[in-house]
$ cat data-v9.txt   # compact mmCIF, C-alpha atoms
# COMPACT_ATOMS: atom_id res chain seq x y z
CA GLY A 99 0.99 8.11 -12.42
CA GLN A 100 2.96 5.18 -13.76
CA GLN A 101 1.06 1.94 -14.04
CA LEU A 102 2.19 -1.39 -12.62
CA ASN A 103 0.70 -4.45 -14.30
CA GLN A 104 0.45 -7.33 -11.86
CA SER A 105 -0.59 -10.82 -12.83
CA PRO A 106 -2.37 -13.04 -12.28
CA GLN A 107 -5.31 -11.25 -10.67
CA SER A 108 -6.20 -14.33 -8.66
CA MET A 109 -4.94 -17.84 -8.07
CA PHE A 110 -6.62 -20.92 -6.61
CA ILE A 111 -4.10 -23.56 -5.68
CA GLN A 112 -3.79 -26.70 -3.62
CA GLU A 113 -1.76 -26.70 -0.42
CA GLY A 114 1.81 -27.71 -1.19
CA GLU A 115 1.89 -26.23 -4.68
CA ASP A 116 4.29 -23.53 -5.74
CA VAL A 117 3.04 -20.07 -6.74
CA SER A 118 4.45 -17.49 -9.08
CA MET A 119 3.27 -13.94 -9.70
CA ASN A 120 4.85 -11.01 -11.48
CA CYS A 121 4.74 -7.32 -12.03
CA THR A 122 5.75 -5.25 -15.05
CA SER A 123 5.91 -1.56 -15.74
CA SER A 124 6.70 0.81 -18.58
CA SER A 125 8.75 2.87 -16.12
CA ILE A 126 12.02 2.17 -14.36
CA PHE A 127 12.00 1.84 -10.60
CA ASN A 128 14.87 2.06 -8.12
CA THR A 129 13.27 -0.36 -5.70
CA TRP A 130 10.79 -3.20 -6.08
CA LEU A 131 8.85 -4.47 -3.11
CA TRP A 132 6.36 -7.19 -2.38
CA TYR A 133 3.66 -6.81 0.27
CA LYS A 134 0.99 -9.13 1.64
CA GLN A 135 -2.38 -7.95 2.92
CA ASP A 136 -4.55 -10.05 5.23
CA PRO A 137 -8.26 -9.22 5.65
CA GLY A 138 -8.87 -6.19 7.84
CA GLU A 139 -5.21 -5.26 8.01
CA GLY A 140 -2.73 -3.09 6.21
CA PRO A 141 -0.15 -4.43 3.74
CA VAL A 142 2.93 -5.92 5.35
CA LEU A 143 6.34 -5.91 3.67
CA LEU A 144 7.59 -9.34 2.59
CA ILE A 145 10.66 -8.61 0.49
CA ALA A 146 12.47 -5.48 -0.71
CA LEU A 147 14.76 -5.48 -3.75
CA TYR A 148 17.23 -2.68 -4.36
CA LYS A 149 19.43 -3.70 -7.29
CA ALA A 150 18.69 -4.81 -10.83
CA GLY A 151 19.13 -8.57 -11.07
CA GLU A 152 18.92 -9.03 -7.30
CA LEU A 153 17.40 -12.32 -6.15
CA THR A 154 16.30 -12.39 -2.52
CA SER A 155 14.68 -15.06 -0.37
CA ASN A 156 12.63 -14.86 2.80
CA GLY A 157 11.79 -18.36 3.95
CA ARG A 158 9.60 -19.95 1.29
CA LEU A 159 9.40 -16.67 -0.63
CA THR A 160 11.80 -15.69 -3.40
CA ALA A 161 11.67 -12.46 -5.36
CA GLN A 162 13.76 -10.98 -8.15
CA PHE A 163 14.37 -7.46 -9.38
CA GLY A 164 14.31 -7.61 -13.18
CA ILE A 165 17.49 -6.69 -15.04
CA THR A 166 15.67 -3.97 -16.99
CA ARG A 167 14.38 -2.49 -13.68
CA LYS A 168 10.88 -2.63 -15.14
CA ASP A 169 9.71 -5.91 -13.67
CA SER A 170 9.81 -8.23 -10.68
CA PHE A 171 8.48 -11.65 -9.74
CA LEU A 172 7.57 -13.36 -6.49
CA ASN A 173 7.59 -17.12 -5.97
CA ILE A 174 6.11 -18.95 -3.02
CA SER A 175 7.17 -22.55 -2.61
CA ALA A 176 5.19 -25.31 -0.91
CA SER A 177 2.17 -23.12 -0.15
CA ILE A 178 0.32 -23.46 3.16
CA PRO A 179 -3.17 -22.26 4.15
CA SER A 180 -1.84 -19.14 5.92
CA ASP A 181 -0.39 -17.93 2.61
CA VAL A 182 -3.93 -16.87 1.72
CA GLY A 183 -4.22 -13.16 1.14
CA ILE A 184 -3.62 -10.43 -1.40
CA TYR A 185 -0.07 -9.94 -2.63
CA PHE A 186 0.95 -6.55 -3.97
CA CYS A 187 4.00 -5.56 -5.90
CA ALA A 188 5.20 -2.00 -5.51
CA GLY A 189 7.72 0.10 -7.36
CA GLN A 190 9.48 2.95 -5.64
CA ARG A 191 11.34 5.84 -7.17
CA GLY A 192 13.85 7.97 -5.33
CA ASN A 193 11.33 10.58 -4.19
CA ASN A 194 9.36 8.35 -1.81
CA ASP A 195 6.73 7.90 -4.49
CA MET A 196 5.58 4.29 -4.28
CA ARG A 197 3.11 2.81 -6.76
CA PHE A 198 1.27 -0.44 -6.30
CA GLY A 199 0.10 -3.15 -8.63
CA ALA A 200 -3.54 -4.21 -8.53
CA GLY A 201 -2.77 -7.24 -6.37
CA THR A 202 -2.89 -11.02 -6.73
CA ARG A 203 -5.55 -12.68 -4.61
CA LEU A 204 -4.27 -16.08 -3.48
CA THR A 205 -6.52 -18.86 -2.25
CA VAL A 206 -4.96 -22.04 -0.90
CA LYS A 207 -7.13 -25.13 -0.59
CA PRO A 208 -6.10 -27.54 2.18
CA ASP B 75 4.50 -1.21 20.43
CA THR B 76 6.17 0.58 17.56
CA ALA B 77 3.61 1.07 14.85
CA VAL B 78 1.53 3.18 12.57
CA SER B 79 -1.83 3.64 14.23
CA GLN B 80 -4.88 5.24 12.72
CA THR B 81 -8.28 6.03 14.15
CA PRO B 82 -11.08 5.31 13.82
CA LYS B 83 -11.01 1.81 12.34
CA TYR B 84 -14.56 2.18 11.05
CA LEU B 85 -16.38 5.36 10.09
CA VAL B 86 -19.97 5.41 8.87
CA THR B 87 -21.42 8.77 7.96
CA GLN B 88 -23.92 10.47 5.70
CA MET B 89 -23.31 12.33 2.48
CA GLY B 90 -22.41 15.95 2.98
CA ASN B 91 -20.79 15.50 6.37
CA ASP B 92 -17.21 16.45 7.24
CA LYS B 93 -14.99 13.87 8.91
CA SER B 94 -11.38 13.38 9.97
CA ILE B 95 -9.10 10.36 10.19
CA LYS B 96 -6.08 10.53 12.46
CA CYS B 97 -2.72 8.86 12.01
CA GLU B 98 0.27 8.62 14.28
CA GLN B 99 3.58 6.81 13.90
CA ASN B 100 6.13 6.21 16.64
CA LEU B 101 8.76 4.77 14.32
CA GLY B 102 10.69 8.02 14.00
CA HIS B 103 10.09 8.12 10.23
CA ASP B 104 10.40 11.36 8.29
CA THR B 105 7.77 10.63 5.66
CA MET B 106 4.08 9.86 6.01
CA TYR B 107 1.45 8.97 3.42
CA TRP B 108 -2.23 8.49 2.80
CA TYR B 109 -3.41 5.80 0.42
CA LYS B 110 -6.94 4.97 -0.71
CA GLN B 111 -7.92 1.35 -1.34
CA ASP B 112 -11.07 0.91 -3.39
CA SER B 113 -13.49 -2.01 -3.50
CA LYS B 114 -11.26 -3.77 -6.04
CA LYS B 115 -8.37 -3.52 -3.55
CA PHE B 116 -6.37 -1.13 -5.72
CA LEU B 117 -4.03 1.03 -3.59
CA LYS B 118 -3.67 4.58 -4.82
CA ILE B 119 -1.44 7.20 -3.26
CA MET B 120 -3.17 10.40 -2.24
CA PHE B 121 -0.62 12.45 -0.32
CA SER B 122 2.91 12.26 0.99
CA TYR B 123 4.48 14.49 3.62
CA ASN B 124 8.15 14.74 4.49
CA ASN B 125 8.92 16.45 7.79
CA LYS B 126 5.53 18.19 7.77
CA GLU B 127 5.99 19.38 4.19
CA LEU B 128 3.70 18.21 1.39
CA ILE B 129 5.74 16.46 -1.32
CA ILE B 130 3.18 14.41 -3.22
CA ASN B 131 -0.37 15.51 -3.94
CA GLU B 132 -2.06 13.30 -6.45
CA THR B 133 -5.19 14.23 -8.33
CA VAL B 134 -7.40 14.22 -5.29
CA PRO B 135 -10.50 16.43 -4.89
CA ASN B 136 -9.73 19.47 -2.79
CA ARG B 137 -12.39 18.26 -0.37
CA PHE B 138 -9.53 16.15 0.98
CA SER B 139 -7.06 18.11 3.08
CA PRO B 140 -4.13 16.52 4.87
CA LYS B 141 -2.70 18.17 7.94
CA SER B 142 0.63 17.36 9.57
CA PRO B 143 1.03 19.09 12.96
CA ASP B 144 4.38 17.37 13.47
CA LYS B 145 6.36 14.68 11.69
CA ALA B 146 4.76 11.91 13.76
CA HIS B 147 1.21 12.80 12.77
CA LEU B 148 -0.64 13.08 9.48
CA ASN B 149 -4.38 13.57 9.66
CA LEU B 150 -6.84 13.49 6.79
CA HIS B 151 -9.86 15.77 6.77
CA ILE B 152 -12.64 15.24 4.26
CA ASN B 153 -15.31 17.85 3.57
CA SER B 154 -18.73 17.30 2.02
CA LEU B 155 -18.43 13.53 1.87
CA GLU B 156 -19.74 11.78 -1.24
CA LEU B 157 -20.80 8.19 -1.87
CA GLY B 158 -17.69 7.62 -4.00
CA ASP B 159 -15.47 8.43 -1.02
CA SER B 160 -16.38 5.07 0.51
CA ALA B 161 -13.16 3.07 0.68
CA VAL B 162 -10.46 1.94 3.08
CA TYR B 163 -7.92 4.67 3.80
CA PHE B 164 -4.42 3.63 4.83
CA CYS B 165 -1.84 5.74 6.54
CA ALA B 166 1.80 4.74 6.12
CA SER B 167 5.23 5.99 7.09
CA SER B 168 8.80 5.38 6.03
CA PRO B 169 12.34 6.63 6.38
CA ILE B 170 13.36 8.54 3.26
CA GLY B 171 13.66 6.20 0.28
CA SER B 172 12.75 3.10 2.29
CA PRO B 173 9.79 0.69 2.27
CA LEU B 174 6.50 1.82 3.74
CA HIS B 175 4.98 0.64 7.01
CA PHE B 176 1.19 0.68 6.90
CA GLY B 177 -1.47 1.19 9.52
CA ASN B 178 -4.44 -1.17 9.64
CA GLY B 179 -6.75 1.11 7.72
CA THR B 180 -9.93 3.08 8.28
CA ARG B 181 -13.00 1.75 6.51
CA LEU B 182 -15.11 4.74 5.52
CA THR B 183 -18.71 4.12 4.50
CA VAL B 184 -20.74 7.05 3.18
CA THR B 185 -24.50 6.51 3.07
$ encode --input "data-v9.txt" --output "structure tokens"
Amino acid sequence: GQQLNQSPQSMFIQEGEDVSMNCTSSSIFNTWLWYKQDPGEGPVLLIALYKAGELTSNGRLTAQFGITRKDSFLNISASIPSDVGIYFCAGQRGNNDMRFGAGTRLTVKP
Amino acid sequence: DTAVSQTPKYLVTQMGNDKSIKCEQNLGHDTMYWYKQDSKKFLKIMFSYNNKELIINETVPNRFSPKSPDKAHLNLHINSLELGDSAVYFCASSPIGSPLHFGNGTRLTVT
């Protein structure tokens, strides 16, 4: 299946810092999504993007759907300890086929 | 609570055994999925069902057989378990063309 390249693989930051992660693909997607996974739980949807160029915010989170439809980024501003977890990008095509990036493991030091 | 629920949460078994994981969603979604998450946390789609009909079947050994008795349930049966089957298996559901809602996973350990 199509590959999503997510970077960075991991980040170690200080509380209060801003975070940026991104996802690229060789394929076009109709929808880009960002999920967060806490230990022992399933991924939870943070932001969904449906149109090329779309910029959407959810609290301290901001994500953008790349204009080429082959990439997306997620920014987290003013990080806090509970932001710790694994963040996944996902690309969805029209047939309910959703592919995930390899995840960005975020560690926030108080 | 509206949710995707899967059982059991933990499953420890020996090589060669047959086991099943159950999944139920009460969200009224038409599509259900099984994903496998390996030790490196990579999420890989295995199967997708839409209204009880198989629509995605990735390159998964035929020891894995999904069964959907109705659109609210998608169970995963695994025959002749192997060490490499150890992983966390996630069930998910969604309306057509919409983001997925995940269960909390079943951690399968094959010894």
$ residues_around --input "data-v9.txt" --residues "range 100-106 of chain A" --least-positions-apart "6" --cutoff "6 Å" --atoms "all atoms listed in the file" --output "PDB file with C-alpha atoms, keeping the file's coordinate frame"
ATOM      1  CA  MET A 119       3.270 -13.940  -9.700  1.00  0.00           C
ATOM      2  CA  ASN A 120       4.850 -11.010 -11.480  1.00  0.00           C
ATOM      3  CA  CYS A 121       4.740  -7.320 -12.030  1.00  0.00           C
ATOM      4  CA  THR A 122       5.750  -5.250 -15.050  1.00  0.00           C
ATOM      5  CA  SER A 123       5.910  -1.560 -15.740  1.00  0.00           C
ATOM      6  CA  GLY A 199       0.100  -3.150  -8.630  1.00  0.00           C
ATOM      7  CA  THR A 202      -2.890 -11.020  -6.730  1.00  0.00           C
TER       8      THR A 202
END
$ interface_residues --input "data-v9.txt" --of "chain B" --to "chain A" --cutoff "9 Å" --atoms "only C-alpha atoms" --output "PDB file with C-alpha atoms, in the frame of the given file"
ATOM      1  CA  THR B 105       7.770  10.630   5.660  1.00  0.00           C
ATOM      2  CA  LYS B 114     -11.260  -3.770  -6.040  1.00  0.00           C
ATOM      3  CA  LYS B 115      -8.370  -3.520  -3.550  1.00  0.00           C
ATOM      4  CA  PHE B 116      -6.370  -1.130  -5.720  1.00  0.00           C
ATOM      5  CA  LEU B 117      -4.030   1.030  -3.590  1.00  0.00           C
ATOM      6  CA  LYS B 118      -3.670   4.580  -4.820  1.00  0.00           C
ATOM      7  CA  ILE B 119      -1.440   7.200  -3.260  1.00  0.00           C
ATOM      8  CA  SER B 122       2.910  12.260   0.990  1.00  0.00           C
ATOM      9  CA  ILE B 129       5.740  16.460  -1.320  1.00  0.00           C
ATOM     10  CA  ILE B 130       3.180  14.410  -3.220  1.00  0.00           C
ATOM     11  CA  GLU B 132      -2.060  13.300  -6.450  1.00  0.00           C
ATOM     12  CA  PHE B 164      -4.420   3.630   4.830  1.00  0.00           C
ATOM     13  CA  CYS B 165      -1.840   5.740   6.540  1.00  0.00           C
ATOM     14  CA  SER B 168       8.800   5.380   6.030  1.00  0.00           C
ATOM     15  CA  PRO B 169      12.340   6.630   6.380  1.00  0.00           C
ATOM     16  CA  ILE B 170      13.360   8.540   3.260  1.00  0.00           C
ATOM     17  CA  GLY B 171      13.660   6.200   0.280  1.00  0.00           C
ATOM     18  CA  SER B 172      12.750   3.100   2.290  1.00  0.00           C
ATOM     19  CA  PRO B 173       9.790   0.690   2.270  1.00  0.00           C
ATOM     20  CA  LEU B 174       6.500   1.820   3.740  1.00  0.00           C
ATOM     21  CA  HIS B 175       4.980   0.640   7.010  1.00  0.00           C
ATOM     22  CA  PHE B 176       1.190   0.680   6.900  1.00  0.00           C
ATOM     23  CA  GLY B 177      -1.470   1.190   9.520  1.00  0.00           C
ATOM     24  CA  ASN B 178      -4.440  -1.170   9.640  1.00  0.00           C
ATOM     25  CA  GLY B 179      -6.750   1.110   7.720  1.00  0.00           C
TER      26      GLY B 179
END
$ atom_distance --input "data-v9.txt" --atom1 "CA of Pro208 in chain A" --atom2 "CA of Cys187 in chain A"
25.5 Å
$ closest_residue --input "data-v9.txt" --among "A:Ser118, A:Ser125, A:Ser108, A:Ser170" --to "Thr154 in chain A" --atoms "only C-alpha atoms"
A:Ser170
$ residues_around --input "data-v9.txt" --residues "Phe163 in chain A" --least-positions-apart "3" --cutoff "7 Å" --atoms "all atoms listed in the file" --output "ChimeraX atom specification"
/A:130,147,149-153,167,169-170
$ write_last_selection --input "data-v9.txt" --atoms "C-alpha atoms" --output "compact mmCIF listing (two decimals), in the coordinates of the input"
# COMPACT_ATOMS: atom_id res chain seq x y z
CA TRP A 130 10.79 -3.20 -6.08
CA LEU A 147 14.76 -5.48 -3.75
CA LYS A 149 19.43 -3.70 -7.29
CA ALA A 150 18.69 -4.81 -10.83
CA GLY A 151 19.13 -8.57 -11.07
CA GLU A 152 18.92 -9.03 -7.30
CA LEU A 153 17.40 -12.32 -6.15
CA ARG A 167 14.38 -2.49 -13.68
CA ASP A 169 9.71 -5.91 -13.67
CA SER A 170 9.81 -8.23 -10.68
$ atom_distance --input "data-v9.txt" --atom1 "CA of Pro82 in chain B" --atom2 "CA of Lys96 in chain B"
7.4 Å
$ residues_around --input "data-v9.txt" --residues "Tyr84 in chain B" --least-positions-apart "2" --cutoff "9 Å" --atoms "all atoms listed in the file" --output "number ranges by chain"
B: 81-82, 86, 162, 179-183
$ axis_aligned_box --input "data-v9.txt" --around "range 113-132 of chain A" --padding-each-side "5 Å" --output "AutoDock Vina command-line options"
--center_x 6.6 --center_y -12.4 --center_z -9.5 --size_x 26.6 --size_y 40.6 --size_z 28.2
$ residues_near_point --input "data-v9.txt" --point "(-23.2, 11.1, 5.7)" --cutoff "8 Å" --atoms "all atoms listed in the file" --output "PyMOL selection string"
chain B and resi 86-91+155-156+184-185
$ atom_distance --input "data-v9.txt" --atom1 "CA of Pro135 in chain B" --atom2 "CA of Lys110 in chain B"
12.7 Å
$ residues_around --input "data-v9.txt" --residues "Asn149 in chain B" --least-positions-apart "3" --cutoff "9 Å" --atoms "only C-alpha atoms" --output "short mmCIF file (atom, residue, chain, number, x, y, z; two decimals) with C-alpha atoms, in the coordinates of the input"
data_model
loop_
_atom_site.label_atom_id
_atom_site.label_comp_id
_atom_site.auth_asym_id
_atom_site.auth_seq_id
_atom_site.Cartn_x
_atom_site.Cartn_y
_atom_site.Cartn_z
CA GLN B 80 -4.88 5.24 12.72
CA SER B 94 -11.38 13.38 9.97
CA ILE B 95 -9.10 10.36 10.19
CA LYS B 96 -6.08 10.53 12.46
CA CYS B 97 -2.72 8.86 12.01
CA GLU B 98 0.27 8.62 14.28
CA TRP B 108 -2.23 8.49 2.80
CA SER B 139 -7.06 18.11 3.08
CA PRO B 140 -4.13 16.52 4.87
CA LYS B 141 -2.70 18.17 7.94
CA SER B 142 0.63 17.36 9.57
CA PRO B 143 1.03 19.09 12.96
CA CYS B 165 -1.84 5.74 6.54
#
$ decode --input "data-v9.txt" --residues "range 111-154 of chain A" --atoms "N, CA and C atoms" --output "short mmCIF file (atom, residue, chain, number, x, y, z; two decimals), in the first residue's frame"
data_model
loop_
_atom_site.label_atom_id
_atom_site.label_comp_id
_atom_site.auth_asym_id
_atom_site.auth_seq_id
_atom_site.Cartn_x
_atom_site.Cartn_y
_atom_site.Cartn_z
N ILE A 111 11.23 17.45 24.22
CA ILE A 111 11.16 18.90 24.34
C ILE A 111 10.88 19.30 25.79
N GLN A 112 11.09 20.58 26.04
CA GLN A 112 10.81 21.13 27.35
C GLN A 112 9.38 21.65 27.37
N GLU A 113 8.73 21.53 28.51
CA GLU A 113 7.39 22.08 28.65
C GLU A 113 7.39 23.55 28.23
N GLY A 114 6.36 23.92 27.47
CA GLY A 114 6.26 25.31 27.02
C GLY A 114 6.76 25.53 25.60
N GLU A 115 7.56 24.59 25.11
CA GLU A 115 8.06 24.72 23.73
C GLU A 115 6.98 24.36 22.72
N ASP A 116 7.19 24.86 21.50
CA ASP A 116 6.30 24.49 20.41
C ASP A 116 6.86 23.26 19.68
N VAL A 117 5.96 22.51 19.06
CA VAL A 117 6.32 21.26 18.40
C VAL A 117 5.79 21.28 16.98
N SER A 118 6.56 20.72 16.07
CA SER A 118 6.09 20.61 14.70
C SER A 118 6.45 19.24 14.15
N MET A 119 5.52 18.59 13.51
CA MET A 119 5.77 17.30 12.88
C MET A 119 5.04 17.28 11.53
N ASN A 120 5.54 16.44 10.61
CA ASN A 120 4.90 16.45 9.31
C ASN A 120 4.86 15.07 8.69
N CYS A 121 4.10 15.01 7.64
CA CYS A 121 3.85 13.75 6.96
C CYS A 121 3.84 14.00 5.47
N THR A 122 4.54 13.16 4.71
CA THR A 122 4.53 13.30 3.25
C THR A 122 4.23 11.95 2.62
N SER A 123 3.75 12.02 1.39
CA SER A 123 3.42 10.80 0.67
C SER A 123 3.67 10.99 -0.81
N SER A 124 3.88 9.89 -1.50
CA SER A 124 3.99 9.96 -2.96
C SER A 124 2.60 9.90 -3.60
N SER A 125 1.59 9.62 -2.79
CA SER A 125 0.22 9.50 -3.31
C SER A 125 -0.64 10.67 -2.84
N ILE A 126 -1.67 10.94 -3.57
CA ILE A 126 -2.64 11.97 -3.20
C ILE A 126 -3.69 11.37 -2.29
N PHE A 127 -4.06 12.13 -1.27
CA PHE A 127 -5.13 11.71 -0.39
C PHE A 127 -6.26 12.73 -0.40
N ASN A 128 -7.48 12.26 -0.16
CA ASN A 128 -8.63 13.15 -0.10
C ASN A 128 -8.79 13.78 1.28
N THR A 129 -8.29 13.08 2.27
CA THR A 129 -8.41 13.54 3.66
C THR A 129 -7.10 13.27 4.37
N TRP A 130 -6.68 14.23 5.19
CA TRP A 130 -5.54 14.01 6.08
C TRP A 130 -6.06 14.12 7.51
N LEU A 131 -5.54 13.24 8.36
CA LEU A 131 -5.98 13.25 9.75
C LEU A 131 -4.78 13.13 10.66
N TRP A 132 -4.96 13.63 11.86
CA TRP A 132 -3.93 13.48 12.89
C TRP A 132 -4.57 12.84 14.13
N TYR A 133 -3.91 11.80 14.61
CA TYR A 133 -4.38 11.06 15.78
C TYR A 133 -3.31 11.11 16.87
N LYS A 134 -3.76 10.94 18.12
CA LYS A 134 -2.84 10.79 19.24
C LYS A 134 -3.15 9.49 19.95
N GLN A 135 -2.08 8.75 20.32
CA GLN A 135 -2.25 7.51 21.04
C GLN A 135 -1.55 7.60 22.40
N ASP A 136 -2.32 7.39 23.45
CA ASP A 136 -1.75 7.29 24.80
C ASP A 136 -1.47 5.83 25.10
N PRO A 137 -0.57 5.55 26.04
CA PRO A 137 -0.23 4.15 26.36
C PRO A 137 -1.46 3.33 26.75
N GLY A 138 -1.56 2.14 26.16
CA GLY A 138 -2.65 1.24 26.52
C GLY A 138 -4.00 1.59 25.93
N GLU A 139 -4.01 2.57 25.04
CA GLU A 139 -5.28 2.99 24.44
C GLU A 139 -5.18 3.01 22.93
N GLY A 140 -6.34 3.17 22.30
CA GLY A 140 -6.35 3.29 20.85
C GLY A 140 -6.11 4.73 20.43
N PRO A 141 -5.74 4.94 19.17
CA PRO A 141 -5.57 6.31 18.67
C PRO A 141 -6.88 7.09 18.75
N VAL A 142 -6.74 8.37 19.08
CA VAL A 142 -7.89 9.26 19.19
C VAL A 142 -7.71 10.40 18.19
N LEU A 143 -8.76 10.71 17.45
CA LEU A 143 -8.69 11.75 16.44
C LEU A 143 -8.49 13.12 17.06
N LEU A 144 -7.51 13.86 16.53
CA LEU A 144 -7.26 15.24 16.97
C LEU A 144 -7.84 16.24 15.97
N ILE A 145 -7.46 16.08 14.73
CA ILE A 145 -7.87 17.03 13.69
C ILE A 145 -8.08 16.26 12.38
N ALA A 146 -9.11 16.65 11.64
CA ALA A 146 -9.37 16.10 10.31
C ALA A 146 -9.35 17.25 9.30
N LEU A 147 -8.71 17.02 8.17
CA LEU A 147 -8.56 18.03 7.12
C LEU A 147 -9.12 17.47 5.83
N TYR A 148 -9.98 18.25 5.17
CA TYR A 148 -10.72 17.72 4.03
C TYR A 148 -10.44 18.42 2.70
N LYS A 149 -9.76 19.57 2.77
CA LYS A 149 -9.52 20.31 1.52
C LYS A 149 -8.08 20.74 1.42
N ALA A 150 -7.53 20.65 0.22
CA ALA A 150 -6.15 21.09 -0.01
C ALA A 150 -6.01 22.54 0.42
N GLY A 151 -4.95 22.82 1.19
CA GLY A 151 -4.71 24.16 1.68
C GLY A 151 -5.39 24.48 2.99
N GLU A 152 -6.28 23.61 3.43
CA GLU A 152 -7.04 23.87 4.66
C GLU A 152 -6.13 23.95 5.86
N LEU A 153 -6.36 24.94 6.70
CA LEU A 153 -5.62 25.11 7.96
C LEU A 153 -6.66 25.08 9.07
N THR A 154 -6.50 24.16 10.00
CA THR A 154 -7.51 23.95 11.05
C THR A 154 -6.85 23.93 12.41
#
